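The structure appears right after this line, and notes come after that.
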Amino acid sequence: MYLIALLTAFAAGVLMAFQGSLNTGLGKIIGLLASTFFVHAIGTAAMTILLLIMKGESKAGKLTDVPWYLYLGGILSVVIIYAVATSISRIGVAAATTAIIVGQVGTALAIDHFGCFGLEKIPFTWIKAVGVACLALGGWLMLAK
């Protein structure tokens with residue numbers, strides 16, 4: 001099960017590189033704000049179809065039971081898509097993705113450590129500090145010209 005989760009996360013990373021590139025290309029043609037809007041509109045349409053097909057999967061009746069801050073992901077999604085497209089168009093896919101990954105992992109370590117948003121606490125250790133330092137060093141090497 002752990003391996004499947006790792007492979008799923010890896011696939012998500014691959015798709016994110018494509019997504020950022022596609023969104024940047026769309027943004028160059030119709031503008032970044034418009035592309036961010038249309039990407040979300042298309043995603044909403046796709047999710048509407050999936051929800052209709054997979055009726056049993058939804059627990060939408062529990063929407064009022066959700067803490068307000070858990071809905072911020074929708075707003076963050078808009079900011080992320082816009083920021084990724086902006087950074088890729090200025091510094092390229094590899095450099096932007098490298099910076100994204102270093103930022104993601106550093107933040108993820110803090111979220112894990114404190115168990116934010118109701119997630120299980122996973123303590124920060126010195127070996128993780130070494131790992132994130134190596135990741136940052138690798139990122140710096142990736143960005144070296």
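Naming works like this for the structure tokens: A, B, ... for the chains as they're shown, residue 1 at the start of each chain, ligands 1 onward in shown order.
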
- Message: List as an MDAnalysis selection string the protein and nucleic acid residues near A:Phe124, meaning an atom at most 10 Å away when only C-alpha atoms are counted, but skip any in the same chain fewer than 2 places from it.
- Response: chainID A and resid 109:114 121:122 126:129

Include C-alpha atoms and write out the residues we just selected as a PDB file, in the first residue's frame.
ATOM      1  CA  LEU A 109       7.755  18.963   7.144  1.00  0.00           C
ATOM      2  CA  ALA A 110       6.319  21.729   9.338  1.00  0.00           C
ATOM      3  CA  ILE A 111       2.721  20.627   8.672  1.00  0.00           C
ATOM      4  CA  ASP A 112       3.640  17.022   9.528  1.00  0.00           C
ATOM      5  CA  HIS A 113       5.511  18.039  12.676  1.00  0.00           C
ATOM      6  CA  PHE A 114       2.667  20.115  14.087  1.00  0.00           C
ATOM      7  CA  LYS A 121       1.733  14.385  13.752  1.00  0.00           C
ATOM      8  CA  ILE A 122       4.980  13.127  12.257  1.00  0.00           C
ATOM      9  CA  TRP A 126      17.666  15.707  12.407  1.00  0.00           C
ATOM     10  CA  ILE A 127      17.768  13.191   9.544  1.00  0.00           C
ATOM     11  CA  LYS A 128      14.852  15.033   7.901  1.00  0.00           C
ATOM     12  CA  ALA A 129      16.768  18.288   8.373  1.00  0.00           C
TER      13      ALA A 129
END

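Omitting A:Leu26 and its sequence neighbours fewer than 4 positions away, and counting only C-alpha atoms, the residues within 10 Å are Gly20, Ser21, Leu22, Ile30, Gly31, Leu32, Ala34, Ser35, Thr36, Phe38, Val39 and Ala85 of chain A.
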
- Message: Which residues are near A:Ala94? Cut-off 9 Å, only C-alpha atoms, ignore same chain within fewer than 6 positions. Put them as a list in words.
- Response: Ala17, Ile88, Met142 and Leu143 of chain A

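Between atom CA of A:Trp140 and atom CA of A:Ala5 lies a distance of 27.8 Å.
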
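Across the model, the gap from atom CA of A:Gly138 to atom CA of A:Val93 is 15.8 Å.
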
Could you produce a table of the residues of stretch 90-140 of chain A lying within 12 Å of stretch 71-83 of chain A, with the nearest pair of atoms per residue and their separation in Å rounded to one decimal, using only C-alpha atoms, ordered by chain and increasing residue number, as CSV?
residue,atom,partner,partner_atom,distance
A:Arg90,CA,A:Ala83,CA,10.7
A:Ile91,CA,A:Ala83,CA,12.0
A:Ala96,CA,A:Ala83,CA,9.7
A:Thr97,CA,A:Ala83,CA,11.4
A:Ala99,CA,A:Ala83,CA,11.7
A:Ile100,CA,A:Ile80,CA,9.9
A:Gln104,CA,A:Ile80,CA,11.6
A:Phe117,CA,A:Tyr71,CA,11.2

Just-selected residues, C-alpha atoms written as an mmCIF file, in the first residue's frame:
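Heads up, here's the output in again_2.cif:
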data_model
loop_
_atom_site.group_PDB
_atom_site.id
_atom_site.type_symbol
_atom_site.label_atom_id
_atom_site.label_comp_id
_atom_site.auth_asym_id
_atom_site.auth_seq_id
_atom_site.Cartn_x
_atom_site.Cartn_y
_atom_site.Cartn_z
ATOM 1 C CA ARG A 90 9.831 33.625 -16.472
ATOM 2 C CA ILE A 91 12.379 31.028 -15.337
ATOM 3 C CA ALA A 96 10.236 26.701 -11.248
ATOM 4 C CA THR A 97 9.539 23.069 -10.385
ATOM 5 C CA ALA A 99 11.772 25.935 -6.303
ATOM 6 C CA ILE A 100 8.235 24.576 -5.902
ATOM 7 C CA GLN A 104 6.624 22.166 -0.717
ATOM 8 C CA PHE A 117 -5.431 20.651 9.846
#

- Task: If you run DSSP over the backbone, which residues in chain A end up alpha helix (DSSP H)? Put them as a PyMOL selection string.
- Result: chain A and resi 2-30+32-53+72-91+93-114+126-143

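For A:Val102, the list of residues within 10 Å, based on only C-alpha atoms and with local chain neighbours fewer than 6 positions off taken out, reads Ala108, Val132, Ala133, Leu135, Ala136, Leu137, Gly138, Gly139 and Trp140 of chain A.
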
Write a file of the selected residues as a CSV table (one decimal), in the first residue's frame, keeping N, CA and C atoms.
chain,number,residue,atom,x,y,z
A,108,ALA,N,5.8,21.1,4.1
A,108,ALA,CA,5.2,19.8,4.4
A,108,ALA,C,5.8,19.2,5.7
A,132,VAL,N,16.2,17.7,3.9
A,132,VAL,CA,15.8,18.9,3.3
A,132,VAL,C,16.9,19.8,2.9
A,133,ALA,N,18.0,19.7,3.6
A,133,ALA,CA,19.2,20.5,3.2
A,133,ALA,C,19.8,19.9,1.9
A,135,LEU,N,18.1,18.3,-0.3
A,135,LEU,CA,17.2,18.7,-1.4
A,135,LEU,C,17.4,20.1,-1.8
A,136,ALA,N,17.6,21.0,-0.9
A,136,ALA,CA,17.8,22.4,-1.2
A,136,ALA,C,19.2,22.6,-2.0
A,137,LEU,N,20.2,21.8,-1.5
A,137,LEU,CA,21.5,21.8,-2.3
A,137,LEU,C,21.3,21.3,-3.7
A,138,GLY,N,20.5,20.2,-3.8
A,138,GLY,CA,20.2,19.7,-5.1
A,138,GLY,C,19.5,20.7,-6.0
A,139,GLY,N,18.5,21.4,-5.4
A,139,GLY,CA,17.8,22.4,-6.1
A,139,GLY,C,18.7,23.5,-6.6
A,140,TRP,N,19.7,23.9,-5.7
A,140,TRP,CA,20.6,25.0,-6.1
A,140,TRP,C,21.5,24.5,-7.2
